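S.K.: The following file, protein-v4.tsv, comprises TSV, C-alpha atoms:
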chain	number	residue	atom	x	y	z
A	1	MET	CA	-9.19	19.38	6.28
A	2	THR	CA	-10.01	15.68	6.07
A	3	ASP	CA	-8.57	13.28	3.52
A	4	PRO	CA	-10.85	12.50	0.56
A	5	MET	CA	-12.66	9.16	0.64
A	6	PRO	CA	-10.44	6.55	-1.05
A	7	SER	CA	-11.86	4.93	-4.18
A	8	LEU	CA	-11.66	1.18	-4.76
A	9	LEU	CA	-8.65	1.75	-7.04
A	10	ASP	CA	-6.99	3.80	-4.29
A	11	LEU	CA	-7.58	0.88	-1.91
A	12	GLY	CA	-5.79	-1.54	-4.27
A	13	TRP	CA	-8.75	-2.95	-6.20
A	14	SER	CA	-7.68	-4.48	-9.51
A	15	ALA	CA	-8.77	-6.70	-12.40
A	16	HIS	CA	-7.63	-9.71	-10.35
A	17	PHE	CA	-10.49	-9.15	-7.91
A	18	LEU	CA	-13.08	-7.86	-10.39
A	19	ALA	CA	-12.68	-11.04	-12.46
A	20	GLN	CA	-13.97	-13.07	-9.50
A	21	LEU	CA	-17.36	-11.32	-9.53
A	22	SER	CA	-20.32	-12.24	-11.70
A	23	PRO	CA	-22.08	-9.32	-13.46
A	24	GLU	CA	-24.88	-9.63	-10.90
A	25	GLU	CA	-22.45	-9.49	-7.97
A	26	ALA	CA	-20.61	-6.51	-9.45
A	27	GLU	CA	-23.93	-4.69	-9.68
A	28	ALA	CA	-25.41	-5.61	-6.31
A	29	LEU	CA	-22.57	-6.20	-3.84
A	30	THR	CA	-20.05	-3.90	-2.17
A	31	PRO	CA	-16.33	-4.83	-2.19
A	32	GLY	CA	-14.40	-3.98	0.95
A	33	ARG	CA	-10.84	-4.32	2.20
A	34	VAL	CA	-10.08	-5.60	5.70
A	35	ALA	CA	-8.28	-2.95	7.74
A	36	GLU	CA	-8.31	-4.61	11.17
A	37	ILE	CA	-9.48	-7.82	12.84
A	38	GLN	CA	-10.60	-8.11	16.46
A	39	ARG	CA	-11.82	-11.66	17.10
A	40	ASP	CA	-14.90	-12.02	14.85
A	41	ARG	CA	-15.24	-8.29	14.21
A	42	LEU	CA	-13.79	-6.59	11.16
A	43	SER	CA	-13.02	-2.99	10.32
A	44	VAL	CA	-13.46	-2.77	6.55
A	45	LEU	CA	-12.74	0.05	4.09
A	46	THR	CA	-15.03	0.51	1.08
A	47	GLY	CA	-15.39	3.08	-1.67
A	48	THR	CA	-18.20	4.72	0.33
A	49	GLY	CA	-16.55	4.72	3.73
A	50	PRO	CA	-15.50	2.42	6.60
A	51	ARG	CA	-17.77	-0.37	7.87
A	52	GLY	CA	-17.85	-2.42	11.04
A	53	LEU	CA	-18.80	-6.02	10.29
A	54	VAL	CA	-19.15	-9.34	12.08
A	55	LEU	CA	-17.78	-12.50	10.47
A	56	PRO	CA	-20.36	-15.17	9.62
A	57	SER	CA	-20.01	-18.47	11.46
A	58	GLU	CA	-18.68	-20.26	8.37
A	59	ILE	CA	-15.63	-17.95	8.17
A	60	GLY	CA	-13.18	-18.17	11.06
A	61	ALA	CA	-11.08	-15.21	12.21
A	62	GLY	CA	-7.97	-17.25	11.37
A	63	ASP	CA	-9.12	-17.49	7.75
A	64	VAL	CA	-9.06	-13.71	7.27
A	65	ALA	CA	-6.01	-11.45	7.04
A	66	VAL	CA	-5.59	-7.70	7.09
A	67	GLY	CA	-5.46	-6.66	3.43
A	68	ASP	CA	-8.06	-9.20	2.32
A	69	TRP	CA	-10.87	-8.23	-0.06
A	70	LEU	CA	-14.40	-9.43	0.62
A	71	LEU	CA	-17.94	-8.90	-0.65
A	72	ILE	CA	-20.58	-7.24	1.51
A	73	GLU	CA	-24.35	-7.47	1.12
A	74	PRO	CA	-25.62	-3.87	1.36
A	75	GLY	CA	-28.34	-3.19	3.89
A	76	ALA	CA	-27.74	-6.46	5.75
A	77	GLU	CA	-24.08	-5.47	6.28
A	78	ARG	CA	-23.21	-9.13	5.95
A	79	VAL	CA	-19.95	-10.65	4.70
A	80	LEU	CA	-20.83	-13.00	1.85
A	81	ARG	CA	-17.42	-14.31	0.85
A	82	LEU	CA	-13.70	-13.65	0.68
A	83	LEU	CA	-12.03	-13.06	-2.67
A	84	ASP	CA	-8.96	-15.02	-3.76
A	85	ARG	CA	-5.75	-13.26	-2.80
A	86	ARG	CA	-3.05	-11.99	-5.16
A	87	THR	CA	-0.43	-12.66	-2.50
A	88	GLU	CA	-0.59	-14.31	0.92
A	89	LEU	CA	2.08	-13.80	3.56
A	90	ALA	CA	2.04	-16.54	6.19
A	91	ARG	CA	4.35	-18.25	8.65
A	92	LYS	CA	4.29	-21.35	10.80
A	93	ALA	CA	2.49	-20.26	13.96
A	94	ALA	CA	4.62	-19.85	17.06
A	95	GLY	CA	4.59	-22.80	19.46
A	96	ILE	CA	4.83	-26.55	19.11
A	97	GLU	CA	1.67	-26.99	17.06
A	98	THR	CA	2.25	-27.04	13.30
A	99	ARG	CA	-0.31	-24.78	11.71
A	100	PRO	CA	-0.17	-21.80	9.35
A	101	GLN	CA	-0.74	-18.26	10.59
A	102	LEU	CA	-1.76	-15.54	8.16
A	103	ILE	CA	0.22	-12.31	8.48
A	104	ALA	CA	-1.14	-10.15	5.64
A	105	ALA	CA	-2.86	-10.42	2.28
A	106	ASN	CA	-2.53	-8.71	-1.09
A	107	VAL	CA	0.84	-7.14	-0.28
A	108	ASP	CA	3.11	-5.77	-3.03
A	109	THR	CA	6.26	-5.07	-1.00
A	110	LEU	CA	7.49	-6.45	2.32
A	111	PHE	CA	9.63	-4.08	4.39
A	112	ILE	CA	11.79	-6.36	6.55
A	113	THR	CA	13.12	-4.31	9.46
A	114	THR	CA	16.28	-4.85	11.44
A	115	SER	CA	18.70	-2.48	13.16
A	116	CYS	CA	22.32	-1.38	13.20
A	117	ASN	CA	22.90	-3.04	16.58
A	118	ASP	CA	22.89	-6.46	18.22
A	119	ASP	CA	19.39	-7.08	16.89
A	120	PHE	CA	20.83	-7.58	13.38
A	121	SER	CA	20.56	-11.26	12.43
A	122	LEU	CA	21.39	-12.70	9.02
A	123	PRO	CA	19.53	-15.98	9.68
A	124	ARG	CA	16.39	-14.04	10.62
A	125	LEU	CA	16.66	-11.98	7.43
A	126	GLU	CA	17.00	-15.16	5.36
A	127	ARG	CA	13.84	-16.57	6.95
A	128	ALA	CA	11.83	-13.42	6.27
A	129	LEU	CA	13.10	-13.31	2.68
A	130	ALA	CA	12.05	-16.94	2.14
A	131	LEU	CA	8.52	-16.09	3.31
A	132	ALA	CA	8.39	-13.07	0.98
A	133	TYR	CA	9.70	-14.89	-2.09
A	134	GLU	CA	7.40	-17.85	-1.49
A	135	ALA	CA	4.45	-15.45	-1.39
A	136	GLY	CA	5.52	-13.66	-4.57
A	137	ILE	CA	6.12	-10.41	-2.67
A	138	GLU	CA	9.03	-8.04	-3.37
A	139	PRO	CA	11.23	-7.78	-0.25
A	140	VAL	CA	13.14	-4.69	0.85
A	141	ILE	CA	15.46	-4.85	3.89
A	142	LEU	CA	15.31	-1.71	6.04
A	143	ILE	CA	18.20	-1.35	8.51
A	144	THR	CA	17.13	1.27	11.04
A	145	LYS	CA	19.07	3.27	13.63
A	146	SER	CA	21.82	4.09	11.12
A	147	ASP	CA	22.33	7.37	13.00
A	148	LEU	CA	23.35	5.43	16.11
A	149	ALA	CA	25.94	3.26	14.35
A	150	THR	CA	29.57	4.26	13.96
A	151	ASP	CA	29.39	2.92	10.41
A	152	PRO	CA	26.25	1.30	8.91
A	153	ALA	CA	28.18	0.02	5.86
A	154	PRO	CA	29.04	-3.42	7.38
A	155	TYR	CA	25.35	-3.99	8.19
A	156	LEU	CA	24.37	-3.09	4.63
A	157	ALA	CA	27.04	-5.37	3.17
A	158	ALA	CA	25.91	-8.28	5.36
A	159	ALA	CA	22.23	-7.74	4.51
A	160	ARG	CA	22.99	-7.83	0.78
A	161	THR	CA	24.50	-11.30	1.18
A	162	ALA	CA	21.16	-12.63	2.45
A	163	ALA	CA	19.83	-13.06	-1.10
A	164	ARG	CA	20.96	-12.24	-4.60
A	165	ASP	CA	20.07	-8.68	-5.74
A	166	VAL	CA	17.97	-7.97	-2.67
A	167	GLU	CA	17.33	-4.27	-1.97
A	168	ALA	CA	18.78	-3.09	1.35
A	169	ILE	CA	18.61	0.43	2.77
A	170	ALA	CA	20.17	1.86	5.94
A	171	LEU	CA	18.14	4.71	7.41
A	172	ASN	CA	17.17	6.76	10.42
A	173	ALA	CA	13.43	6.16	10.84
A	174	LYS	CA	13.04	9.57	12.52
A	175	ALA	CA	14.70	11.54	9.70
A	176	PRO	CA	12.38	13.58	7.44
A	177	GLU	CA	13.94	12.15	4.27
A	178	VAL	CA	12.76	8.60	5.08
A	179	VAL	CA	9.36	9.27	3.45
A	180	GLN	CA	11.00	10.26	0.17
A	181	ALA	CA	13.45	7.35	0.31
A	182	LEU	CA	10.64	4.79	0.58
A	183	ALA	CA	8.10	6.58	-1.63
A	184	PRO	CA	8.76	4.35	-4.70
A	185	TRP	CA	7.14	1.42	-2.85
A	186	CYS	CA	4.32	3.36	-1.15
A	187	GLY	CA	2.48	4.97	-4.07
A	188	ALA	CA	-1.21	4.97	-4.92
A	189	GLY	CA	-2.86	1.57	-5.08
A	190	ARG	CA	0.19	-0.22	-3.64
A	191	THR	CA	0.41	-2.03	-0.32
A	192	VAL	CA	3.50	-2.51	1.83
A	193	ALA	CA	3.77	-4.55	5.03
A	194	LEU	CA	6.23	-4.11	7.89
A	195	ILE	CA	7.66	-7.12	9.73
A	196	GLY	CA	10.52	-7.50	12.18
A	197	MET	CA	11.30	-7.88	15.83
A	198	SER	CA	10.16	-5.38	18.44
A	199	GLY	CA	12.50	-2.44	18.78
A	200	THR	CA	13.54	-2.31	15.12
A	201	GLY	CA	11.59	0.87	14.50
A	202	LYS	CA	8.47	-0.48	12.79
A	203	SER	CA	6.09	1.87	14.61
A	204	THR	CA	8.40	4.84	14.03
A	205	LEU	CA	8.55	3.99	10.33
A	206	ALA	CA	4.78	3.57	10.18
A	207	ASN	CA	4.31	6.98	11.78
A	208	ALA	CA	6.68	8.59	9.28
A	209	LEU	CA	5.16	6.91	6.22
A	210	CYS	CA	1.55	7.52	7.28
A	211	GLY	CA	1.91	10.90	8.99
A	212	THR	CA	0.49	9.49	12.22
A	213	ASP	CA	1.58	9.77	15.83
A	214	ARG	CA	0.95	6.36	17.34
A	215	ALA	CA	2.87	5.32	20.44
A	216	THR	CA	6.38	3.98	19.99
A	217	GLY	CA	8.38	1.99	22.52
A	218	GLY	CA	11.86	2.56	23.78
A	219	VAL	CA	14.71	0.07	23.65
A	220	ARG	CA	16.01	-1.60	26.79
A	221	GLU	CA	19.58	-0.56	27.48
A	222	ASP	CA	20.68	-3.97	28.78
A	223	ASP	CA	20.00	-5.96	25.60
A	224	ALA	CA	18.97	-3.40	22.92
A	225	ARG	CA	15.64	-5.23	22.58
A	226	GLY	CA	12.51	-3.22	21.98
A	227	ARG	CA	9.17	-3.15	23.72
A	228	HIS	CA	5.95	-4.15	21.94
A	229	THR	CA	3.91	-1.12	20.85
A	230	THR	CA	1.96	-2.61	17.92
A	231	THR	CA	-0.39	-5.24	19.35
A	232	SER	CA	-2.45	-6.11	16.27
A	233	ARG	CA	-2.19	-5.96	12.50
A	234	SER	CA	-3.81	-2.96	10.87
A	235	LEU	CA	-4.03	-1.16	7.52
A	236	HIS	CA	-3.16	2.54	7.23
A	237	ARG	CA	-3.00	5.04	4.37
A	238	THR	CA	0.48	6.31	3.50
A	239	LEU	CA	1.36	9.91	2.68
A	240	ALA	CA	2.35	8.74	-0.81
A	241	GLY	CA	-1.17	7.42	-1.45
A	242	GLY	CA	-0.65	3.72	-0.84
A	243	TRP	CA	-1.37	1.46	2.13
A	244	LEU	CA	0.75	0.07	4.95
A	245	ILE	CA	0.07	-3.02	7.05
A	246	ASP	CA	1.78	-2.73	10.43
A	247	THR	CA	2.35	-5.95	12.39
A	248	PRO	CA	3.36	-6.79	15.97
A	249	GLY	CA	6.98	-7.74	16.61
A	250	MET	CA	7.85	-11.32	15.65
A	251	ARG	CA	10.45	-13.34	17.49
A	252	GLU	CA	9.70	-16.48	15.48
A	253	MET	CA	9.42	-16.76	11.70
A	254	GLY	CA	8.76	-20.43	11.14
A	255	VAL	CA	8.66	-21.61	7.54
A	256	PHE	CA	6.36	-24.17	5.90
A	257	ASP	CA	5.58	-24.93	2.25
A	258	ALA	CA	8.39	-22.49	1.42
A	259	ALA	CA	10.71	-24.66	-0.67
A	260	SER	CA	10.64	-22.30	-3.64
A	261	GLY	CA	11.25	-19.25	-1.44
A	262	ILE	CA	14.23	-20.92	0.25
A	263	ASP	CA	15.66	-21.87	-3.13
A	264	THR	CA	15.42	-18.22	-4.21
A	265	VAL	CA	17.14	-16.94	-1.06
A	266	PHE	CA	19.95	-19.50	-1.44
A	267	ALA	CA	20.06	-19.33	-5.24
A	268	GLU	CA	23.81	-19.94	-5.41
A	269	ILE	CA	23.45	-23.25	-3.52
A	270	THR	CA	20.46	-24.25	-5.66
A	271	GLU	CA	22.51	-23.64	-8.81
A	272	LEU	CA	25.56	-25.48	-7.48
A	273	ALA	CA	23.39	-28.50	-6.56
A	274	GLU	CA	22.36	-28.85	-10.20
A	275	ALA	CA	26.01	-29.57	-11.06
A	276	CYS	CA	26.38	-32.40	-8.50
A	277	LYS	CA	27.15	-35.85	-9.89
A	278	PHE	CA	24.11	-37.41	-8.20
A	279	ARG	CA	20.64	-35.90	-8.39
A	280	ASP	CA	19.85	-36.92	-4.79
A	281	CYS	CA	23.18	-35.61	-3.47
A	282	ALA	CA	22.96	-34.64	0.21
A	283	HIS	CA	26.09	-32.44	-0.13
A	284	GLU	CA	27.88	-34.26	2.65
A	285	SER	CA	30.42	-36.90	1.58
A	286	GLU	CA	29.18	-37.93	-1.90
A	287	PRO	CA	31.73	-37.93	-4.73
A	288	GLY	CA	31.30	-35.24	-7.34
A	289	CYS	CA	29.44	-32.85	-5.02
A	290	ALA	CA	29.65	-29.36	-6.50
A	291	VAL	CA	28.38	-27.77	-3.27
A	292	ARG	CA	31.12	-29.28	-1.11
A	293	ALA	CA	33.67	-28.41	-3.77
A	294	ALA	CA	32.61	-24.75	-3.60
A	295	VAL	CA	32.97	-24.79	0.21
A	296	GLU	CA	36.45	-26.31	-0.01
A	297	ALA	CA	37.47	-23.76	-2.64
A	298	GLY	CA	36.33	-20.91	-0.39
A	299	GLU	CA	33.57	-19.91	-2.81
A	300	LEU	CA	30.69	-20.78	-0.47
A	301	ASP	CA	30.46	-19.88	3.21
A	302	PRO	CA	30.02	-23.11	5.22
A	303	GLU	CA	27.85	-21.24	7.74
A	304	ARG	CA	25.48	-20.21	4.96
A	305	LEU	CA	25.32	-23.83	3.81
A	306	ALA	CA	24.48	-24.87	7.38
A	307	ARG	CA	21.67	-22.29	7.55
A	308	TRP	CA	20.32	-23.56	4.21
A	309	ARG	CA	20.31	-27.13	5.54
A	310	LYS	CA	18.48	-26.04	8.70
A	311	LEU	CA	15.79	-24.12	6.81
A	312	LYS	CA	15.26	-26.92	4.29
A	313	ALA	CA	14.90	-29.51	7.06
A	314	GLU	CA	12.53	-27.30	9.07
A	315	ASP	CA	10.40	-26.58	6.01
A	316	ARG	CA	10.26	-30.24	5.03
A	317	GLN	CA	9.19	-31.37	8.50
A	318	ALA	CA	6.59	-28.61	8.90
A	319	SER	CA	5.17	-29.19	5.43
A	320	GLU	CA	4.84	-32.93	6.00
A	321	THR	CA	3.17	-32.40	9.39
A	322	LEU	CA	0.81	-29.80	7.94
A	323	SER	CA	-0.11	-32.13	5.09
A	324	GLU	CA	-0.84	-34.91	7.58
A	325	ASN	CA	-2.98	-32.57	9.71
A	326	ARG	CA	-4.97	-31.49	6.67
A	327	ALA	CA	-5.52	-35.10	5.61
A	328	ARG	CA	-6.67	-35.94	9.15
A	329	GLY	CA	-9.02	-32.97	9.10
A	330	ARG	CA	-10.54	-34.05	5.78
A	331	LYS	CA	-11.00	-37.58	7.14
A	332	MET	CA	-12.77	-36.27	10.24
A	333	THR	CA	-15.01	-34.04	8.09
A	334	ARG	CA	-16.04	-37.03	5.96
A	335	PHE	CA	-16.70	-39.06	9.15
A	336	HIS	CA	-18.93	-36.35	10.64
A	337	LYS	CA	-20.85	-36.07	7.37
A	338	ARG	CA	-21.47	-39.82	7.35
A	339	VAL	CA	-22.66	-39.69	10.97
A	340	GLN	CA	-25.00	-36.79	10.21
A	341	SER	CA	-26.32	-38.53	7.11
A	342	ALA	CA	-26.96	-41.75	9.06
A	343	SER	CA	-28.72	-39.77	11.78
A	344	ARG	CA	-31.01	-38.08	9.25
A	345	ARG	CA	-31.86	-41.44	7.65
A	346	ALA	CA	-32.66	-42.96	11.07
A	347	LYS	CA	-35.02	-40.10	11.90
A	348	PHE	CA	-36.74	-40.46	8.52
A	349	GLU	CA	-37.19	-44.20	8.96
A	350	ASP	CA	-38.65	-43.70	12.44
Turn this file's structure into structure tokens for me.

M.R.:
Amino acid sequence: MTDPMPSLLDLGWSAHFLAQLSPEEAEALTPGRVAEIQRDRLSVLTGTGPRGLVLPSEIGAGDVAVGDWLLIEPGAERVLRLLDRRTELARKAAGIETRPQLIAANVDTLFITTSCNDDFSLPRLERALALAYEAGIEPVILITKSDLATDPAPYLAAARTAARDVEAIALNAKAPEVVQALAPWCGAGRTVALIGMSGTGKSTLANALCGTDRATGGVREDDARGRHTTTSRSLHRTLAGGWLIDTPGMREMGVFDAASGIDTVFAEITELAEACKFRDCAHESEPGCAVRAAVEAGELDPERLARWRKLKAEDRQASETLSENRARGRKMTRFHKRVQSASRRAKFED
């Protein structure tokens, strides 16, 4: 027995997207949701079935994310335009070049995976949380391999210090009860995304939540690091009626334009800073610094303060570089337009 064809509402369609269509567009065009991207080719889900489409030249593959909604011209099977996103999960692309990289679009909940082993990293969790909060996405920390740990409680306690009131769950991704435990976030019309390093059980979780049997990789015994099994981002229906975006393992989670998200993760430092004597306090040696006072009183972990400093500095530098790159790009665009305009005038005069 095959699953019934999902309706637009099942796929996550909402008033947010409908409001972007004119009455004529709503009547004539077909909305679709991007399920997978392979270079300039898209796999798209619609209310009448899946479609295979090719991106037009004016839309680059880097401008589209799994989870995006777009409008299709029936018959021509042509992508006309992308719709504005409700949420956009992005990171600074890996490497030395400062540019954004889309991870997923229109996500309700971000499952941040880590494990009850040496893979567990509080700084990495803080980075992922900053990306989620900046995007307006609810984060949930999933600590896998709880069955292999002598006691998962210390991992849970550490994860809950990453951000105030953050949800953290220790689980065995292969246990049958995992579907029920995560069902509140995976219901009809909702979209979750999985991110984390390789070997943290993302593919195993995806199989459990979606009832699939995709390949999963083992973990190397020498360093407990996993092997890549997910090689591209893709959208899958969950057993609870929602949608899951699986992503390849990420070693780097660079931040940019994430000041608000970082402030949310480190809310206690943000609040303390408001009580400093000087508004531009650097929290180093200034008199009347409430942040330093909290460290000296044992109320604030100095290592957490150091991680906050590092993230703020990284975000500031990346954001400034990105802003400069965008300004340079706009300048070059204006230059090319002037050249093209002058060329057209010269041809006309000849």

S.K.: Pick out the closest residue to Pro248 (chain A) from this set: A:Ala206, A:Met197, A:Leu171, A:Ala163. Count all atoms listed in the file.

M.R.: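 Using all atoms listed in the file, the shortest distance to Pro248 (chain A) belongs to A:Met197.
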
S.K.: Report the closest atom pair, with its distance in Å rounded to one decimal, for each residue of region 164-263 of chain A that has an atom no farther than 9 Å from region 28-37 of chain A; count only C-alpha atoms, sort by chain and then rising residue number, and write it as JSON lines.

M.R.:
{"residue": "A:Ser232", "atom": "CA", "partner": "A:Glu36", "partner_atom": "CA", "distance": 7.9}
{"residue": "A:Arg233", "atom": "CA", "partner": "A:Glu36", "partner_atom": "CA", "distance": 6.4}
{"residue": "A:Ser234", "atom": "CA", "partner": "A:Glu36", "partner_atom": "CA", "distance": 4.8}
{"residue": "A:Leu235", "atom": "CA", "partner": "A:Ala35", "partner_atom": "CA", "distance": 4.6}
{"residue": "A:His236", "atom": "CA", "partner": "A:Ala35", "partner_atom": "CA", "distance": 7.5}
{"residue": "A:Ile245", "atom": "CA", "partner": "A:Ala35", "partner_atom": "CA", "distance": 8.4}

S.K.: Convert the current residue selection to file output with C-alpha atoms, as a compact mmCIF listing (two decimals), in the frame of the given file.

M.R.:
# COMPACT_ATOMS: atom_id res chain seq x y z
CA SER A 232 -2.45 -6.11 16.27
CA ARG A 233 -2.19 -5.96 12.50
CA SER A 234 -3.81 -2.96 10.87
CA LEU A 235 -4.03 -1.16 7.52
CA HIS A 236 -3.16 2.54 7.23
CA ILE A 245 0.07 -3.02 7.05

S.K.: Find the residues with any atom within 7 Å of (27.0, -27.2, -1.9); use all atoms listed in the file and the coordinates as given in the file, and write the answer as a count of residues only.

M.R.: 11

S.K.: CA of Trp69 (chain A) to CA of Ala188 (chain A): how many Å, to one decimal?

M.R.: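 Going from CA of Trp69 (chain A) over to CA of Ala188 (chain A), I get 17.1 Å.
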
S.K.: Nearest to Asp147 (chain A) among A:Ser43, A:Asn117, A:Thr204, A:Thr247, with distances taken over all atoms listed in the file: which residue is it?

M.R.: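 Among A:Ser43, A:Asn117, A:Thr204, A:Thr247, it is A:Asn117 that comes nearest to Asp147 (chain A).
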
S.K.: Please provide the set of residues having any atom within 12 Å of His16 (chain A), restricted to all atoms listed in the file, with same-chain residues fewer than 2 positions apart removed, written as a list in words.

M.R.: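 The neighbour list is Leu9, Gly12, Trp13, Ser14, Leu18, Ala19, Gln20, Leu21, Trp69, Leu83, Asp84, Arg85, Arg86, Thr87 and Asn106 of chain A.
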
S.K.: Just the residues within 7 Å of region 50-62 of chain A, please, counting only C-alpha atoms, with nothing from its chain fewer than 3 positions along; format it as a ChimeraX atom specification.

M.R.: /A:39-46,77-79

S.K.: Ranking A:Leu194, A:Leu70, A:Pro302, A:Glu134 by minimum distance to Glu88 (chain A) and counting only C-alpha atoms, which one comes first?

M.R.: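 Nearest candidate to Glu88 (chain A) out of A:Leu194, A:Leu70, A:Pro302, A:Glu134: A:Glu134.
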